[in-house]
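Inspection log for the structure reproduced underneath, given as structure tokens.
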2 protein chains.
Amino acid sequence: MTNWTLAARAAKMNPSVIREILKVTEKPGIVSLAGGLPSPKTFPVEAFARACEKVLAEDAQGALQYAASEGYGPLREEIAAMLPWQVDPAQVLVTTGSQQGLDLLAKVLIDPGSKVLVETPTYLGALQAFAPMEPEVVSVVSDEAGARADDLRAKADGARFVYLLPNFQNPTGRSMTEERRAAVSAIAARAGLPIIEDNPYGDLWFDDAPAQALTARNPEGCIYLGSFSKVLAPGLRLGFLVAPKAIFPKLLQAKQAADLHTPGFNQRLVFEVMKDGFLQRHVPTIRALYREQRDVMHAALMREMSGLGVEFNRPTGGMFMWLRLPPALDAVKLLPYAVARNVAFVPGAPFYAGEGDPRTLRLSFVTASAEQINTAVAALAEAVREQVARS
Amino acid sequence: MTNWTLAARAAKMNPSVIREILKVTEKPGIVSLAGGLPSPKTFPVEAFARACEKVLAEDAQGALQYAASEGYGPLREEIAAMLPWQVDPAQVLVTTGSQQGLDLLAKVLIDPGSKVLVETPTYLGALQAFAPMEPEVVSVVSDEAGARADDLRAKADGARFVYLLPNFQNPTGRSMTEERRAAVSAIAARAGLPIIEDNPYGDLWFDDAPAQALTARNPEGCIYLGSFSKVLAPGLRLGFLVAPKAIFPKLLQAKQAADLHTPGFNQRLVFEVMKDGFLQRHVPTIRALYREQRDVMHAALMREMSGLGVEFNRPTGGMFMWLRLPPALDAVKLLPYAVARNVAFVPGAPFYAGEGDPRTLRLSFVTASAEQINTAVAALAEAVREQVARS
């Protein structure tokens with residue numbers, strides 16, 4: 001018998017609760033409002049096809065060979081230029097999706113037992129990336145404007161960093177106000193507390209562009225994570241981080257050990273697609289589509305949930321809406337009723353670092369069609385009625 | 001001032017010594033025998049171009065969307081089918097290059113202080129992938145047939161695993177004989193010692209196919225790492241691992257946390273290119289080219305190094321040749337003399353987990369042309385003569 005002794009940290013790795021939940025929802029004909037998948041309508045397939053041709057015709061050897069761990073130079077320059085504060089391309093590290101950025105910074109910044117601050121609730125994928133490095137994750141009390149400044153001040157001491165998603169957060173869809181950003185930024189700077197700013201959804205605003213990035217306010221005190229998954233396509237796994245000189249070399253060493261470099265072919269594809277202002281033309285079409293879908297879902301919730309005591313928000317961007325069931329209901333218990341009616345969602349509790357609010361759940365408004373959203377929200381309301389009747 | 005407190009493991013991460021050394025060698029006109037780059041002549045650019053067209057025409061939504069962490073089903077099936085022992089596709093985990101496989105298994109199997117056994121010398125990238133998890137790396141005495149069975153037996157107790165490259169090893173080019181494989185496999189099985197079998201070069205044989213894989217002899221006791229970097233192209237970052245059921249779920253969880261999944265587009269490209277027997281037609285052309293290059297370099301070394309006391313081998317596959325300078329010489333000190341004569345190589349010492357042999361160095365025979373190899377080896381011999389004269 002082979003003695004496969006696991007590292008202690010392996011016990012901290014768990015199958016994604018969401019993944020396990022979604023297995024329950026896999027049945028034909030179901031409308032899923034559960035996933036975090038961008039609408040495939042938004043994938044610029046033609047542009048990718050042209051880029052593939054061009055890259056393989058003009059630079060196949062470069063695209064297909066081993067390459068520098070930092071990333072493809074011209075792409076790093078495009079990324080630095082697109083960010084609305086002063087960024088040196090030498091600070092840009094191209095990552096295999098922004099999920100990898102979370103993995104790298106966990107390796108570099110978290111010791112077993114290190115205190116790490118997160119929002120309540122927060123992105124589940126970040127909790128999963130941090131977990132193998134065995135932090136003590138502490139939730140900062142949060143409201144509709146994100147992490148609260150007073151609680152951040154109270155918990156900052158000794159923390160390795162605070163992890164924040166200021167724009168259209170996953171899972172809640174909420175954003176930090178300008179006032180909150182200013183307060184949080186000032187507190188972190190005063191406490192010497194590093195901020196990890198994760199911004200996969202910031203370009204997907206419906207009315208106004210978000211307030212200034214936290215990193216722009218204090219570039220030496222923040223690591224910024226960005227992604228092309230929501231504005232181009234997730235299947236290329238292209239993200240990046242921007243880090244100050246104090247920490248960049250260690251992140252680069254971790255990157256090199258993790259996968260040598262992000263695929264050079266993919267980096268060139270994204271460079272070809274994004275240069276010449278393509279994103280400035282393309283992203284507004286995603287915004288318009290998602291805004292319309294948000295409106296459809298919000299109207300459906302107003303109509304169908306009327307009188308049921310279900311609370312929900314109206315995000316001004318992103319992909320997700322956050323619901324809270326009336327007291328005595330439980331989203332995990334609601335799920336089978338919903339699945340029986342051909343609609344799936346994600347319970348909110350797994351998104352909390354500590355004990356989750358069992359009444360919460362997340363709906364995506366971007367993957368299903370308007371018609372499907374209307375049907376699914378009506379079915380969800382029926383499921384709520386049934387659970388109320390039985391409880 | 002922001003308080004960027006690094007994790008203790010970050011101190012174990014170091015810039016690649018080779019990377020630093022190679023910076024010294026960056027000058028116009030230099031012939032590099034230093035890198036581990038496949039010959040770009042071997043990249044099947046036409047086949048990739050056709051695959052890009054096909055994938056984007058027929059399955060763009062699948063290729064560009066988020067996907068399962070295990071990998072693309074049809075590719076996992078192709079990989080399982082291509083391996084010459086019974087492999088269930090459910091045991092195949094697609095990785096972002098086989099370097100990522102090393103990162104994942106380090107996370108899952110290494111605690112700080114865990115004993116990990118490696119060959120003398122071994123693949124530097126594996127040492128880098130293991131280092132952040134803070135193992136105690138112990139070198140197994142090795143000879144021209146790889147790790148010695150007697151020393152493995154003596155050191156097996158309490159080790160988490162032994163990491164072996166049985167075919168045309170990086171850096172030495174040596175291979176394990178059938179006899180050695182049988183002995184090592186039996187010792188590991190008896191000791192309950194897991195084997196990590198890394199096989200990036202096994203398809204690049206010149207005369208005969210290598211002896212049976214270690215994993216084939218005891219699938220439940222081994223994790224097998226494979227790569228498409230040397231038979232298709234490294235720039236797609238496509239590798240895989242095959243793991244027994246006892247350990248697969250934890251590796252999958254680590255994979256999900258590391259980058260969610262390997263780019264679905266790249267997985268489909270490789271699937272399209274490899275199906276219908278393309279590799280069976282393509283790989284022999286790589287073997288023929290590399291064999292010829294090996295012959296050129298070996299002949300050049302026989303000719304140019306005559307009488308200098310330089311030892312070297314004649315690998316029967318792979319990409320690398322291993323040299324040993326005469327006593328009193330030192331490869332690191334030789335490098336500037338070589339660079340002055342427009343030839344670069346990699347000193348061998350960084351490939352040792354413990355103290356390295358300063359007289360060793362690695363030459364790649366696959367990236368430079370035959371003409372360049374002849375010129376470069378002559379220049380290297382001149383550099384040796386100069387160092388001898390000055391020492």
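Chains: A, B, ... in order of the structure tokens. Residues: from 1 per chain. Ligands: from 1, in order shown.
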Legend entry - Nearby residues (only C-alpha atoms) at most 10 Å from segment 330-344 of chain A, same-chain spacing under 4 positions excluded, as a PyMOL selection string: chain A and resi 21-22+24-35+323-326+348-349+357-363+372-373+375-388
Would you mind listing, as a JSON list (two decimals) with C-alpha atoms, in the first residue's frame, all residues of chain A that have at least one atom within 6 Å of chain B, where only C-alpha atoms are what counts?
```json
[["chain", "number", "residue", "atom", "x", "y", "z"],
["A", 1, "MET", "CA", 0.00, 0.00, 0.00],
["A", 2, "THR", "CA", 1.37, 3.37, -0.96],
["A", 3, "ASN", "CA", 1.55, 5.87, 1.85],
["A", 6, "LEU", "CA", -1.29, 14.63, 2.67],
["A", 7, "ALA", "CA", 0.08, 17.99, 3.67],
["A", 10, "ALA", "CA", -4.73, 19.79, 2.03],
["A", 15, "PRO", "CA", -14.59, 20.86, -2.98],
["A", 40, "PRO", "CA", -21.61, 33.87, -24.69],
["A", 61, "GLN", "CA", 7.42, 31.14, -33.30],
["A", 63, "ALA", "CA", 3.47, 32.67, -29.75],
["A", 64, "LEU", "CA", 4.27, 28.96, -29.53],
["A", 65, "GLN", "CA", 7.67, 29.09, -27.75],
["A", 66, "TYR", "CA", 8.47, 29.35, -24.04],
["A", 99, "GLN", "CA", -7.79, 33.50, -10.00],
["A", 100, "GLN", "CA", -4.07, 32.78, -10.38],
["A", 103, "ASP", "CA", -3.13, 32.00, -5.62],
["A", 108, "VAL", "CA", 3.61, 35.22, -0.93],
["A", 109, "LEU", "CA", 1.63, 36.94, 1.83],
["A", 110, "ILE", "CA", -0.09, 34.31, 3.99],
["A", 111, "ASP", "CA", 1.55, 32.24, 6.74],
["A", 128, "GLN", "CA", -10.56, 28.87, -1.88],
["A", 129, "ALA", "CA", -7.30, 30.39, -3.13],
["A", 192, "GLY", "CA", -0.01, 50.30, 6.92],
["A", 193, "LEU", "CA", -2.52, 47.64, 5.87],
["A", 221, "GLY", "CA", -0.08, 50.10, -0.71],
["A", 233, "ALA", "CA", -13.87, 35.71, -22.81],
["A", 234, "PRO", "CA", -13.05, 33.58, -19.75],
["A", 235, "GLY", "CA", -11.95, 30.54, -21.78],
["A", 236, "LEU", "CA", -8.61, 32.18, -22.62],
["A", 237, "ARG", "CA", -7.75, 32.50, -18.89],
["A", 253, "GLN", "CA", 9.05, 34.17, -8.56],
["A", 257, "ALA", "CA", 7.24, 28.28, -10.12],
["A", 258, "ALA", "CA", 3.48, 27.97, -10.66],
["A", 259, "ASP", "CA", 3.28, 27.59, -14.46],
["A", 263, "PRO", "CA", 0.21, 30.94, -22.65],
["A", 264, "GLY", "CA", 1.99, 33.26, -25.08]]
```
Inset, instruction - Go through segment 111-354 of chain A and collect every residue that DSSP, computed from the backbone, puts in strand (DSSP E); the answer should be as a PyMOL selection string. - result: chain A and resi 115-118+136-139+142-143+146-147+159-164+195-198+222-227+239-242+311-312+320-324+343-344+346-347
Inset, instruction - Extract, using only C-alpha atoms, all DNA, RNA and protein residues at most 8 Å from Glu136 of chain B, discarding same-chain residues fewer than 2 positions from it, and format them as a PyMOL selection string. - result: chain B and resi 112-116+134+138
Print the selection's residues with C-alpha atoms to a file, as a PDB file, in the first residue's frame.
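Below you can see result_30.pdb, which holds the result:
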```
ATOM      1  CA  PRO B 112       7.204  22.379   5.953  1.00  0.00           C
ATOM      2  CA  GLY B 113      10.085  20.034   6.730  1.00  0.00           C
ATOM      3  CA  SER B 114       8.694  17.072   4.760  1.00  0.00           C
ATOM      4  CA  LYS B 115      11.420  14.884   3.315  1.00  0.00           C
ATOM      5  CA  VAL B 116      11.275  14.782  -0.469  1.00  0.00           C
ATOM      6  CA  GLU B 134       9.371  24.265   2.427  1.00  0.00           C
ATOM      7  CA  VAL B 138      17.241  15.029  -0.101  1.00  0.00           C
TER       8      VAL B 138
END
```
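The closest residue to Asp151 of chain A, picked from A:Glu119, A:Asp88, A:Glu58, A:Glu272 and counting only C-alpha atoms, is A:Glu119.
Between atom CA of Ala243 of chain A and atom CA of Gln91 of chain A there is a distance of 5.5 Å.
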